[in-house]
file query.txt (compact mmCIF, N, CA, C and O atoms)
# COMPACT_ATOMS: atom_id res chain seq x y z
N MET A 269 37.62 -22.78 -68.09
CA MET A 269 36.68 -21.87 -68.69
C MET A 269 35.49 -21.70 -67.76
O MET A 269 34.93 -22.67 -67.27
N GLN A 270 35.13 -20.46 -67.47
CA GLN A 270 34.02 -20.18 -66.58
C GLN A 270 32.69 -20.26 -67.32
O GLN A 270 32.58 -19.87 -68.47
N LYS A 271 31.68 -20.77 -66.61
CA LYS A 271 30.34 -20.77 -67.16
C LYS A 271 29.72 -19.41 -66.95
O LYS A 271 29.86 -18.81 -65.89
N ARG A 272 29.06 -18.93 -67.97
CA ARG A 272 28.33 -17.67 -67.83
C ARG A 272 26.91 -17.96 -67.39
O ARG A 272 26.29 -18.92 -67.85
N HIS A 273 26.43 -17.14 -66.50
CA HIS A 273 25.05 -17.28 -66.05
C HIS A 273 24.14 -16.68 -67.12
O HIS A 273 24.27 -15.53 -67.47
N ARG A 274 23.26 -17.49 -67.64
CA ARG A 274 22.31 -17.00 -68.64
C ARG A 274 21.03 -16.58 -67.94
O ARG A 274 20.48 -17.32 -67.13
N CYS A 275 20.58 -15.39 -68.25
CA CYS A 275 19.35 -14.88 -67.68
C CYS A 275 18.16 -15.45 -68.44
O CYS A 275 18.16 -15.48 -69.66
N SER A 276 17.16 -15.87 -67.69
CA SER A 276 15.93 -16.34 -68.32
C SER A 276 15.12 -15.14 -68.79
O SER A 276 15.39 -13.99 -68.41
N LEU A 277 14.13 -15.41 -69.60
CA LEU A 277 13.24 -14.35 -70.06
C LEU A 277 12.57 -13.66 -68.88
O LEU A 277 12.45 -12.44 -68.84
N GLY A 278 12.16 -14.47 -67.88
CA GLY A 278 11.53 -13.90 -66.68
C GLY A 278 12.45 -12.94 -65.94
O GLY A 278 12.03 -11.90 -65.47
N GLU A 279 13.74 -13.30 -65.84
CA GLU A 279 14.71 -12.43 -65.18
C GLU A 279 14.89 -11.13 -65.95
O GLU A 279 14.96 -10.05 -65.36
N LYS A 280 14.98 -11.24 -67.27
CA LYS A 280 15.14 -10.04 -68.10
C LYS A 280 13.93 -9.12 -67.97
O LYS A 280 14.08 -7.90 -67.85
N LEU A 281 12.73 -9.70 -67.99
CA LEU A 281 11.51 -8.90 -67.85
C LEU A 281 11.43 -8.27 -66.47
O LEU A 281 11.04 -7.11 -66.33
N SER A 282 11.80 -9.03 -65.46
CA SER A 282 11.80 -8.52 -64.09
C SER A 282 12.75 -7.34 -63.96
O SER A 282 12.41 -6.32 -63.35
N ASP A 283 13.94 -7.46 -64.54
CA ASP A 283 14.92 -6.38 -64.50
C ASP A 283 14.41 -5.16 -65.26
O ASP A 283 14.52 -4.03 -64.79
N ALA A 284 13.86 -5.39 -66.46
CA ALA A 284 13.40 -4.28 -67.30
C ALA A 284 12.24 -3.53 -66.63
O ALA A 284 12.16 -2.31 -66.69
N ALA A 285 11.36 -4.27 -65.99
CA ALA A 285 10.20 -3.65 -65.34
C ALA A 285 10.52 -3.19 -63.91
O ALA A 285 9.67 -2.60 -63.25
N GLU A 286 11.73 -3.48 -63.45
CA GLU A 286 12.17 -3.13 -62.10
C GLU A 286 11.24 -3.70 -61.03
O GLU A 286 10.89 -3.03 -60.06
N LEU A 287 10.85 -4.96 -61.22
CA LEU A 287 9.99 -5.65 -60.26
C LEU A 287 10.85 -6.60 -59.42
O LEU A 287 11.85 -7.13 -59.91
N PRO A 288 10.46 -6.85 -58.17
CA PRO A 288 11.23 -7.76 -57.32
C PRO A 288 11.21 -9.18 -57.89
O PRO A 288 10.17 -9.69 -58.27
N LYS A 289 12.38 -9.81 -57.94
CA LYS A 289 12.48 -11.15 -58.52
C LYS A 289 11.77 -12.21 -57.68
O LYS A 289 11.31 -13.21 -58.21
N ASP A 290 11.67 -12.00 -56.36
CA ASP A 290 10.97 -12.99 -55.55
C ASP A 290 9.51 -13.08 -55.96
O ASP A 290 8.91 -14.15 -55.92
N ILE A 291 8.93 -11.98 -56.41
CA ILE A 291 7.54 -11.98 -56.83
C ILE A 291 7.40 -12.49 -58.26
O ILE A 291 6.60 -13.38 -58.53
N THR A 292 8.17 -11.94 -59.17
CA THR A 292 8.01 -12.29 -60.59
C THR A 292 8.49 -13.70 -60.93
O THR A 292 7.95 -14.33 -61.82
N LEU A 293 9.49 -14.20 -60.22
CA LEU A 293 10.04 -15.52 -60.54
C LEU A 293 9.65 -16.59 -59.53
O LEU A 293 10.04 -17.75 -59.66
N GLY A 294 8.91 -16.22 -58.48
CA GLY A 294 8.50 -17.18 -57.48
C GLY A 294 9.65 -17.69 -56.61
O GLY A 294 9.60 -18.79 -56.09
N LEU A 295 10.69 -16.87 -56.47
CA LEU A 295 11.84 -17.27 -55.66
C LEU A 295 11.55 -17.08 -54.18
O LEU A 295 10.78 -16.20 -53.80
N PRO A 296 12.16 -17.91 -53.33
CA PRO A 296 11.91 -17.76 -51.90
C PRO A 296 12.56 -16.50 -51.34
O PRO A 296 13.62 -16.08 -51.80
N LYS A 297 11.91 -15.93 -50.37
CA LYS A 297 12.45 -14.79 -49.63
C LYS A 297 12.50 -15.21 -48.17
O LYS A 297 11.47 -15.58 -47.60
N ILE A 298 13.70 -15.18 -47.59
CA ILE A 298 13.89 -15.64 -46.21
C ILE A 298 14.26 -14.44 -45.35
O ILE A 298 15.21 -13.73 -45.65
N THR A 299 13.49 -14.24 -44.29
CA THR A 299 13.74 -13.16 -43.34
C THR A 299 14.04 -13.79 -41.99
O THR A 299 13.26 -14.59 -41.49
N LEU A 300 15.18 -13.42 -41.40
CA LEU A 300 15.57 -13.95 -40.09
C LEU A 300 15.46 -12.88 -39.03
O LEU A 300 15.84 -11.74 -39.25
N LEU A 301 14.98 -13.27 -37.89
CA LEU A 301 14.98 -12.42 -36.70
C LEU A 301 15.98 -13.07 -35.75
O LEU A 301 15.65 -14.01 -35.02
N ALA A 302 17.24 -12.60 -35.85
CA ALA A 302 18.36 -13.22 -35.13
C ALA A 302 18.34 -14.72 -35.40
O ALA A 302 18.20 -15.12 -36.55
N GLN A 303 18.48 -15.55 -34.37
CA GLN A 303 18.39 -17.00 -34.54
C GLN A 303 17.04 -17.52 -34.07
O GLN A 303 16.82 -18.72 -34.04
N LYS A 304 16.13 -16.63 -33.74
CA LYS A 304 14.89 -17.04 -33.08
C LYS A 304 13.72 -17.30 -34.01
O LYS A 304 12.80 -18.01 -33.65
N GLU A 305 13.76 -16.75 -35.22
CA GLU A 305 12.62 -16.90 -36.11
C GLU A 305 13.05 -16.79 -37.57
O GLU A 305 13.87 -15.94 -37.92
N ALA A 306 12.50 -17.65 -38.41
CA ALA A 306 12.72 -17.58 -39.85
C ALA A 306 11.36 -17.49 -40.53
O ALA A 306 10.47 -18.30 -40.27
N TYR A 307 11.21 -16.47 -41.37
CA TYR A 307 9.97 -16.27 -42.12
C TYR A 307 10.31 -16.51 -43.59
O TYR A 307 11.18 -15.84 -44.14
N ILE A 308 9.67 -17.50 -44.20
CA ILE A 308 9.99 -17.87 -45.58
C ILE A 308 8.75 -17.67 -46.44
O ILE A 308 7.69 -18.24 -46.18
N GLU A 309 8.91 -16.84 -47.48
CA GLU A 309 7.85 -16.62 -48.45
C GLU A 309 8.13 -17.42 -49.71
O GLU A 309 9.28 -17.67 -50.04
N ASN A 310 7.10 -17.77 -50.42
CA ASN A 310 7.19 -18.48 -51.70
C ASN A 310 7.77 -19.89 -51.58
O ASN A 310 8.47 -20.36 -52.47
N TYR A 311 7.47 -20.59 -50.50
CA TYR A 311 7.87 -21.99 -50.40
C TYR A 311 6.81 -22.84 -51.10
O TYR A 311 5.70 -22.36 -51.38
N ARG A 312 7.12 -24.08 -51.41
CA ARG A 312 6.19 -24.92 -52.17
C ARG A 312 5.75 -26.18 -51.42
O ARG A 312 5.14 -27.04 -52.02
N GLY A 313 6.04 -26.28 -50.15
CA GLY A 313 5.58 -27.43 -49.39
C GLY A 313 6.62 -27.89 -48.38
O GLY A 313 7.81 -27.61 -48.52
N ILE A 314 6.15 -28.61 -47.38
CA ILE A 314 7.02 -29.16 -46.34
C ILE A 314 7.46 -30.56 -46.78
O ILE A 314 6.62 -31.41 -47.08
N ILE A 315 8.76 -30.78 -46.81
CA ILE A 315 9.31 -32.07 -47.19
C ILE A 315 9.62 -32.90 -45.94
O ILE A 315 9.36 -34.10 -45.89
N GLU A 316 10.15 -32.24 -44.92
CA GLU A 316 10.51 -32.91 -43.68
C GLU A 316 10.37 -31.91 -42.53
O GLU A 316 10.66 -30.74 -42.69
N TYR A 317 9.92 -32.43 -41.39
CA TYR A 317 9.77 -31.55 -40.23
C TYR A 317 9.98 -32.34 -38.95
O TYR A 317 9.34 -33.36 -38.72
N ASP A 318 10.91 -31.88 -38.13
CA ASP A 318 11.05 -32.33 -36.75
C ASP A 318 11.76 -31.21 -35.98
O ASP A 318 12.12 -30.21 -36.58
N PRO A 319 11.93 -31.33 -34.67
CA PRO A 319 12.49 -30.22 -33.89
C PRO A 319 13.93 -29.81 -34.23
O PRO A 319 14.38 -28.75 -33.84
N GLN A 320 14.65 -30.65 -35.01
CA GLN A 320 16.03 -30.31 -35.37
C GLN A 320 16.22 -29.93 -36.85
O GLN A 320 17.24 -29.37 -37.22
N ILE A 321 15.24 -30.24 -37.70
CA ILE A 321 15.38 -29.96 -39.13
C ILE A 321 14.02 -29.69 -39.77
O ILE A 321 13.04 -30.35 -39.46
N VAL A 322 14.01 -28.67 -40.62
CA VAL A 322 12.83 -28.38 -41.43
C VAL A 322 13.31 -28.24 -42.87
O VAL A 322 14.21 -27.46 -43.15
N ARG A 323 12.73 -29.05 -43.76
CA ARG A 323 13.07 -28.98 -45.18
C ARG A 323 11.83 -28.57 -45.96
O ARG A 323 10.77 -29.18 -45.81
N LEU A 324 12.00 -27.50 -46.76
CA LEU A 324 10.89 -26.95 -47.53
C LEU A 324 11.26 -26.95 -49.01
O LEU A 324 12.40 -26.64 -49.37
N GLY A 325 10.30 -27.25 -49.85
CA GLY A 325 10.53 -27.15 -51.28
C GLY A 325 10.32 -25.72 -51.74
O GLY A 325 9.57 -24.96 -51.12
N TYR A 326 11.02 -25.35 -52.79
CA TYR A 326 10.75 -24.08 -53.46
C TYR A 326 10.91 -24.31 -54.95
O TYR A 326 11.25 -25.41 -55.38
N THR A 327 10.61 -23.32 -55.76
CA THR A 327 10.56 -23.47 -57.21
C THR A 327 11.77 -24.19 -57.78
O THR A 327 11.63 -25.06 -58.63
N ASP A 328 12.97 -23.87 -57.32
CA ASP A 328 14.19 -24.42 -57.91
C ASP A 328 14.97 -25.36 -57.00
O ASP A 328 16.13 -25.65 -57.27
N GLY A 329 14.39 -25.81 -55.88
CA GLY A 329 15.16 -26.69 -55.02
C GLY A 329 14.58 -26.86 -53.63
O GLY A 329 13.37 -26.90 -53.45
N ILE A 330 15.49 -26.92 -52.63
CA ILE A 330 15.09 -27.20 -51.24
C ILE A 330 15.77 -26.21 -50.30
O ILE A 330 16.95 -25.90 -50.45
N ILE A 331 15.00 -25.74 -49.33
CA ILE A 331 15.51 -24.92 -48.23
C ILE A 331 15.57 -25.83 -47.01
O ILE A 331 14.56 -26.43 -46.64
N THR A 332 16.74 -25.94 -46.38
CA THR A 332 16.89 -26.76 -45.19
C THR A 332 17.29 -25.87 -44.02
O THR A 332 18.26 -25.14 -44.10
N LEU A 333 16.51 -25.92 -42.95
CA LEU A 333 16.82 -25.19 -41.73
C LEU A 333 17.21 -26.21 -40.66
O LEU A 333 16.48 -27.18 -40.45
N TYR A 334 18.35 -26.00 -40.03
CA TYR A 334 18.79 -26.82 -38.91
C TYR A 334 18.70 -25.99 -37.65
O TYR A 334 18.88 -24.78 -37.68
N GLY A 335 18.43 -26.65 -36.53
CA GLY A 335 18.37 -25.92 -35.29
C GLY A 335 17.94 -26.78 -34.12
O GLY A 335 18.08 -28.00 -34.13
N LYS A 336 17.39 -26.11 -33.12
CA LYS A 336 16.96 -26.76 -31.90
C LYS A 336 15.57 -26.23 -31.55
O LYS A 336 15.30 -25.04 -31.69
N ASP A 337 14.69 -27.12 -31.14
CA ASP A 337 13.33 -26.77 -30.73
C ASP A 337 12.58 -26.02 -31.84
O ASP A 337 11.85 -25.06 -31.57
N LEU A 338 12.76 -26.43 -33.09
CA LEU A 338 12.09 -25.77 -34.21
C LEU A 338 10.61 -26.13 -34.21
O LEU A 338 10.24 -27.29 -34.08
N THR A 339 9.78 -25.11 -34.34
CA THR A 339 8.34 -25.31 -34.42
C THR A 339 7.77 -24.43 -35.53
O THR A 339 8.34 -23.39 -35.86
N ILE A 340 6.66 -24.86 -36.08
CA ILE A 340 5.97 -24.06 -37.08
C ILE A 340 5.00 -23.15 -36.34
O ILE A 340 4.03 -23.61 -35.74
N ALA A 341 5.29 -21.85 -36.34
CA ALA A 341 4.47 -20.88 -35.62
C ALA A 341 3.25 -20.48 -36.44
O ALA A 341 2.17 -20.28 -35.89
N SER A 342 3.43 -20.35 -37.76
CA SER A 342 2.30 -20.04 -38.64
C SER A 342 2.59 -20.57 -40.03
O SER A 342 3.75 -20.72 -40.42
N ILE A 343 1.52 -20.85 -40.77
CA ILE A 343 1.69 -21.43 -42.09
C ILE A 343 0.50 -21.06 -42.97
O ILE A 343 -0.64 -21.05 -42.51
N THR A 344 0.80 -20.70 -44.22
CA THR A 344 -0.23 -20.50 -45.25
C THR A 344 0.27 -21.21 -46.51
O THR A 344 1.33 -21.84 -46.49
N ASP A 345 -0.46 -21.07 -47.59
CA ASP A 345 -0.03 -21.68 -48.86
C ASP A 345 1.24 -21.04 -49.40
O ASP A 345 1.95 -21.66 -50.19
N GLU A 346 1.53 -19.81 -49.00
CA GLU A 346 2.65 -19.08 -49.59
C GLU A 346 3.78 -18.75 -48.62
O GLU A 346 4.89 -18.45 -49.05
N ASP A 347 3.51 -18.77 -47.31
CA ASP A 347 4.57 -18.43 -46.36
C ASP A 347 4.48 -19.28 -45.11
O ASP A 347 3.43 -19.85 -44.80
N ILE A 348 5.62 -19.35 -44.42
CA ILE A 348 5.70 -20.16 -43.20
C ILE A 348 6.65 -19.45 -42.23
O ILE A 348 7.64 -18.84 -42.66
N THR A 349 6.33 -19.51 -40.96
CA THR A 349 7.19 -18.95 -39.91
C THR A 349 7.66 -20.09 -39.02
O THR A 349 6.84 -20.85 -38.50
N ILE A 350 8.98 -20.20 -38.87
CA ILE A 350 9.60 -21.23 -38.03
C ILE A 350 10.22 -20.54 -36.82
O ILE A 350 11.02 -19.62 -36.96
N ASN A 351 9.84 -20.99 -35.62
CA ASN A 351 10.42 -20.47 -34.38
C ASN A 351 11.35 -21.52 -33.79
O ASN A 351 11.23 -22.71 -34.10
N GLY A 352 12.24 -21.08 -32.93
CA GLY A 352 13.21 -21.96 -32.28
C GLY A 352 14.59 -21.34 -32.41
O GLY A 352 14.72 -20.14 -32.65
N ILE A 353 15.61 -22.15 -32.27
CA ILE A 353 16.98 -21.67 -32.43
C ILE A 353 17.47 -22.18 -33.79
O ILE A 353 17.78 -23.35 -33.95
N VAL A 354 17.51 -21.27 -34.77
CA VAL A 354 17.97 -21.62 -36.12
C VAL A 354 19.49 -21.48 -36.15
O VAL A 354 20.03 -20.41 -35.92
N THR A 355 20.18 -22.59 -36.43
CA THR A 355 21.65 -22.57 -36.43
C THR A 355 22.24 -22.54 -37.83
O THR A 355 23.38 -22.11 -38.02
N GLN A 356 21.48 -23.01 -38.82
CA GLN A 356 22.01 -23.07 -40.18
C GLN A 356 20.86 -23.13 -41.19
O GLN A 356 19.85 -23.77 -40.94
N ILE A 357 21.06 -22.45 -42.33
CA ILE A 357 20.11 -22.52 -43.44
C ILE A 357 20.90 -22.86 -44.70
O ILE A 357 21.91 -22.23 -44.99
N ILE A 358 20.42 -23.86 -45.42
CA ILE A 358 21.07 -24.27 -46.67
C ILE A 358 20.05 -24.24 -47.80
O ILE A 358 18.95 -24.77 -47.66
N LEU A 359 20.43 -23.59 -48.90
CA LEU A 359 19.62 -23.59 -50.12
C LEU A 359 20.27 -24.56 -51.09
O LEU A 359 21.43 -24.37 -51.46
N SER A 360 19.54 -25.57 -51.48
CA SER A 360 20.03 -26.54 -52.44
C SER A 360 19.24 -26.36 -53.73
O SER A 360 18.06 -26.69 -53.79
N ALA A 361 19.89 -25.82 -54.75
CA ALA A 361 19.22 -25.58 -56.02
C ALA A 361 19.27 -26.81 -56.90
O ALA A 361 20.25 -27.55 -56.88
N SER A 362 18.22 -27.02 -57.66
CA SER A 362 18.20 -28.11 -58.63
C SER A 362 19.17 -27.78 -59.75
O SER A 362 19.33 -26.63 -60.11
N GLU A 363 19.78 -28.78 -60.31
CA GLU A 363 20.66 -28.59 -61.45
C GLU A 363 19.81 -28.37 -62.69
O GLU A 363 18.85 -29.08 -62.92
N VAL A 364 20.18 -27.39 -63.48
CA VAL A 364 19.44 -27.08 -64.71
C VAL A 364 20.19 -27.60 -65.91
O VAL A 364 21.35 -27.62 -65.99

call {"tool": "encode", "arguments": {"input": "query.txt", "output": "structure tokens"}}
result
Amino acid sequence: MQKRHRCSLGEKLSDAAELPKDITLGLPKITLLAQKEAYIENYRGIIEYDPQIVRLGYTDGIITLYGKDLTIASITDEDITINGIVTQIILSASEV
């Protein structure tokens, strides 16, 4: 038996108002420039950082970037830019 995805009230309101879910629900938005740069909006903090791995918290879990020569090019409370060679990105969602 398949589980049905239940929409939260926030998702329903976002859909009804035709607003972007990354804004209304605080979900991360990841923009890649080839393998050279990752721009992440709506992150919630740095969990781990070194030249081969960057782990960031977000509302529902963890974003993990793997690569080589990873550096934080810019950072604010809401967004972060990672430069280097990004080889893999994993989103790990918390179980609800």

call {"tool": "atom_distance", "arguments": {"input": "query.txt", "atom1": "atom CA of A:Leu301", "atom2": "atom CA of A:Ile315"}}
result
23.0 Å

call {"tool": "closest_residue", "arguments": {"input": "query.txt", "among": "A:Tyr307, A:Gly313, A:Thr327, A:Ala341", "to": "A:Leu295", "atoms": "only C-alpha atoms"}}
result
A:Thr327

call {"tool": "residues_around", "arguments": {"input": "query.txt", "residues": "A:Glu346", "least_positions_apart": "6", "cutoff": "7 Å", "atoms": "all atoms listed in the file", "output": "NGL selection string"}}
result
:A and (308-312)

call {"tool": "residues_around", "arguments": {"input": "query.txt", "residues": "stretch 349-359 of chain A", "least_positions_apart": "6", "cutoff": "4.5 Å", "atoms": "only N, CA, C and O atoms", "output": "number ranges by chain"}}
result
A: 303-307, 330-342

call {"tool": "atom_distance", "arguments": {"input": "query.txt", "atom1": "atom CA of A:Ala302", "atom2": "atom CA of A:Asp328"}}
result
25.7 Å

call {"tool": "atom_distance", "arguments": {"input": "query.txt", "atom1": "atom C of A:Ala361", "atom2": "atom CA of A:Ile314"}}
result
16.3 Å

call {"tool": "axis_aligned_box", "arguments": {"input": "query.txt", "around": "stretch 298-317 of chain A", "padding_each_side": "4 Å", "output": "lines of an AutoDock Vina configuration file"}}
result
center_x = 11.8
center_y = -22.9
center_z = -42.8
size_x = 21.3
size_y = 30.4
size_z = 27.4

call {"tool": "closest_residue", "arguments": {"input": "query.txt", "among": "A:Gly329, A:Pro319, A:Asp347, A:Leu324", "to": "A:Lys297", "atoms": "all atoms listed in the file"}}
result
A:Asp347

call {"tool": "build_atoms", "arguments": {"input": "query.txt", "residues": "stretch 332-343 of chain A", "atoms": "all heavy atoms", "output": "PDB file, in the coordinates of the input"}}
result
ATOM      1  N   THR A 332      16.740 -25.940 -46.380  1.00  0.00           N
ATOM      2  CA  THR A 332      16.890 -26.760 -45.190  1.00  0.00           C
ATOM      3  C   THR A 332      17.290 -25.870 -44.020  1.00  0.00           C
ATOM      4  O   THR A 332      18.260 -25.140 -44.100  1.00  0.00           O
ATOM      5  CB  THR A 332      17.948 -27.860 -45.388  1.00  0.00           C
ATOM      6  OG1 THR A 332      17.625 -28.619 -46.550  1.00  0.00           O
ATOM      7  CG2 THR A 332      18.019 -28.779 -44.181  1.00  0.00           C
ATOM      8  N   LEU A 333      16.510 -25.920 -42.950  1.00  0.00           N
ATOM      9  CA  LEU A 333      16.820 -25.190 -41.730  1.00  0.00           C
ATOM     10  C   LEU A 333      17.210 -26.210 -40.660  1.00  0.00           C
ATOM     11  O   LEU A 333      16.480 -27.180 -40.450  1.00  0.00           O
ATOM     12  CB  LEU A 333      15.620 -24.391 -41.231  1.00  0.00           C
ATOM     13  CG  LEU A 333      15.174 -23.218 -42.072  1.00  0.00           C
ATOM     14  CD1 LEU A 333      14.120 -23.655 -43.058  1.00  0.00           C
ATOM     15  CD2 LEU A 333      14.657 -22.116 -41.196  1.00  0.00           C
ATOM     16  N   TYR A 334      18.350 -26.000 -40.030  1.00  0.00           N
ATOM     17  CA  TYR A 334      18.790 -26.820 -38.910  1.00  0.00           C
ATOM     18  C   TYR A 334      18.700 -25.990 -37.650  1.00  0.00           C
ATOM     19  O   TYR A 334      18.880 -24.780 -37.680  1.00  0.00           O
ATOM     20  CB  TYR A 334      20.247 -27.270 -39.102  1.00  0.00           C
ATOM     21  CG  TYR A 334      20.443 -28.222 -40.260  1.00  0.00           C
ATOM     22  CD1 TYR A 334      20.873 -27.750 -41.492  1.00  0.00           C
ATOM     23  CD2 TYR A 334      20.199 -29.576 -40.102  1.00  0.00           C
ATOM     24  CE1 TYR A 334      21.062 -28.620 -42.558  1.00  0.00           C
ATOM     25  CE2 TYR A 334      20.385 -30.460 -41.163  1.00  0.00           C
ATOM     26  CZ  TYR A 334      20.814 -29.970 -42.384  1.00  0.00           C
ATOM     27  OH  TYR A 334      20.998 -30.828 -43.438  1.00  0.00           O
ATOM     28  N   GLY A 335      18.430 -26.650 -36.530  1.00  0.00           N
ATOM     29  CA  GLY A 335      18.370 -25.920 -35.290  1.00  0.00           C
ATOM     30  C   GLY A 335      17.940 -26.780 -34.120  1.00  0.00           C
ATOM     31  O   GLY A 335      18.080 -28.000 -34.130  1.00  0.00           O
ATOM     32  N   LYS A 336      17.390 -26.110 -33.120  1.00  0.00           N
ATOM     33  CA  LYS A 336      16.960 -26.760 -31.900  1.00  0.00           C
ATOM     34  C   LYS A 336      15.570 -26.230 -31.550  1.00  0.00           C
ATOM     35  O   LYS A 336      15.300 -25.040 -31.690  1.00  0.00           O
ATOM     36  CB  LYS A 336      17.950 -26.437 -30.778  1.00  0.00           C
ATOM     37  CG  LYS A 336      17.654 -27.107 -29.471  1.00  0.00           C
ATOM     38  CD  LYS A 336      18.711 -26.773 -28.438  1.00  0.00           C
ATOM     39  CE  LYS A 336      18.333 -27.415 -27.121  1.00  0.00           C
ATOM     40  NZ  LYS A 336      19.223 -27.034 -26.043  1.00  0.00           N
ATOM     41  N   ASP A 337      14.690 -27.120 -31.140  1.00  0.00           N
ATOM     42  CA  ASP A 337      13.330 -26.770 -30.730  1.00  0.00           C
ATOM     43  C   ASP A 337      12.580 -26.020 -31.840  1.00  0.00           C
ATOM     44  O   ASP A 337      11.850 -25.060 -31.570  1.00  0.00           O
ATOM     45  CB  ASP A 337      13.341 -25.931 -29.447  1.00  0.00           C
ATOM     46  CG  ASP A 337      13.968 -26.669 -28.280  1.00  0.00           C
ATOM     47  OD1 ASP A 337      13.795 -27.906 -28.202  1.00  0.00           O
ATOM     48  OD2 ASP A 337      14.638 -26.027 -27.457  1.00  0.00           O
ATOM     49  N   LEU A 338      12.760 -26.430 -33.090  1.00  0.00           N
ATOM     50  CA  LEU A 338      12.090 -25.770 -34.210  1.00  0.00           C
ATOM     51  C   LEU A 338      10.610 -26.130 -34.210  1.00  0.00           C
ATOM     52  O   LEU A 338      10.240 -27.290 -34.080  1.00  0.00           O
ATOM     53  CB  LEU A 338      12.736 -26.174 -35.540  1.00  0.00           C
ATOM     54  CG  LEU A 338      14.219 -25.854 -35.694  1.00  0.00           C
ATOM     55  CD1 LEU A 338      14.735 -26.366 -37.038  1.00  0.00           C
ATOM     56  CD2 LEU A 338      14.463 -24.356 -35.562  1.00  0.00           C
ATOM     57  N   THR A 339       9.780 -25.110 -34.340  1.00  0.00           N
ATOM     58  CA  THR A 339       8.340 -25.310 -34.420  1.00  0.00           C
ATOM     59  C   THR A 339       7.770 -24.430 -35.530  1.00  0.00           C
ATOM     60  O   THR A 339       8.340 -23.390 -35.860  1.00  0.00           O
ATOM     61  CB  THR A 339       7.631 -24.923 -33.094  1.00  0.00           C
ATOM     62  OG1 THR A 339       7.895 -23.557 -32.808  1.00  0.00           O
ATOM     63  CG2 THR A 339       8.092 -25.789 -31.936  1.00  0.00           C
ATOM     64  N   ILE A 340       6.660 -24.860 -36.080  1.00  0.00           N
ATOM     65  CA  ILE A 340       5.970 -24.060 -37.080  1.00  0.00           C
ATOM     66  C   ILE A 340       5.000 -23.150 -36.340  1.00  0.00           C
ATOM     67  O   ILE A 340       4.030 -23.610 -35.740  1.00  0.00           O
ATOM     68  CB  ILE A 340       5.230 -24.951 -38.094  1.00  0.00           C
ATOM     69  CG1 ILE A 340       6.231 -25.812 -38.857  1.00  0.00           C
ATOM     70  CG2 ILE A 340       4.399 -24.097 -39.053  1.00  0.00           C
ATOM     71  CD1 ILE A 340       5.611 -26.841 -39.777  1.00  0.00           C
ATOM     72  N   ALA A 341       5.290 -21.850 -36.340  1.00  0.00           N
ATOM     73  CA  ALA A 341       4.470 -20.880 -35.620  1.00  0.00           C
ATOM     74  C   ALA A 341       3.250 -20.480 -36.440  1.00  0.00           C
ATOM     75  O   ALA A 341       2.170 -20.280 -35.890  1.00  0.00           O
ATOM     76  CB  ALA A 341       5.293 -19.646 -35.283  1.00  0.00           C
ATOM     77  N   SER A 342       3.430 -20.350 -37.760  1.00  0.00           N
ATOM     78  CA  SER A 342       2.300 -20.040 -38.640  1.00  0.00           C
ATOM     79  C   SER A 342       2.590 -20.570 -40.030  1.00  0.00           C
ATOM     80  O   SER A 342       3.750 -20.720 -40.420  1.00  0.00           O
ATOM     81  CB  SER A 342       2.019 -18.530 -38.681  1.00  0.00           C
ATOM     82  OG  SER A 342       3.083 -17.853 -39.310  1.00  0.00           O
ATOM     83  N   ILE A 343       1.520 -20.850 -40.770  1.00  0.00           N
ATOM     84  CA  ILE A 343       1.690 -21.430 -42.090  1.00  0.00           C
ATOM     85  C   ILE A 343       0.500 -21.060 -42.970  1.00  0.00           C
ATOM     86  O   ILE A 343      -0.640 -21.050 -42.510  1.00  0.00           O
ATOM     87  CB  ILE A 343       1.863 -22.966 -41.991  1.00  0.00           C
ATOM     88  CG1 ILE A 343       2.199 -23.584 -43.339  1.00  0.00           C
ATOM     89  CG2 ILE A 343       0.654 -23.611 -41.376  1.00  0.00           C
ATOM     90  CD1 ILE A 343       2.615 -25.046 -43.239  1.00  0.00           C
TER      91      ILE A 343
END
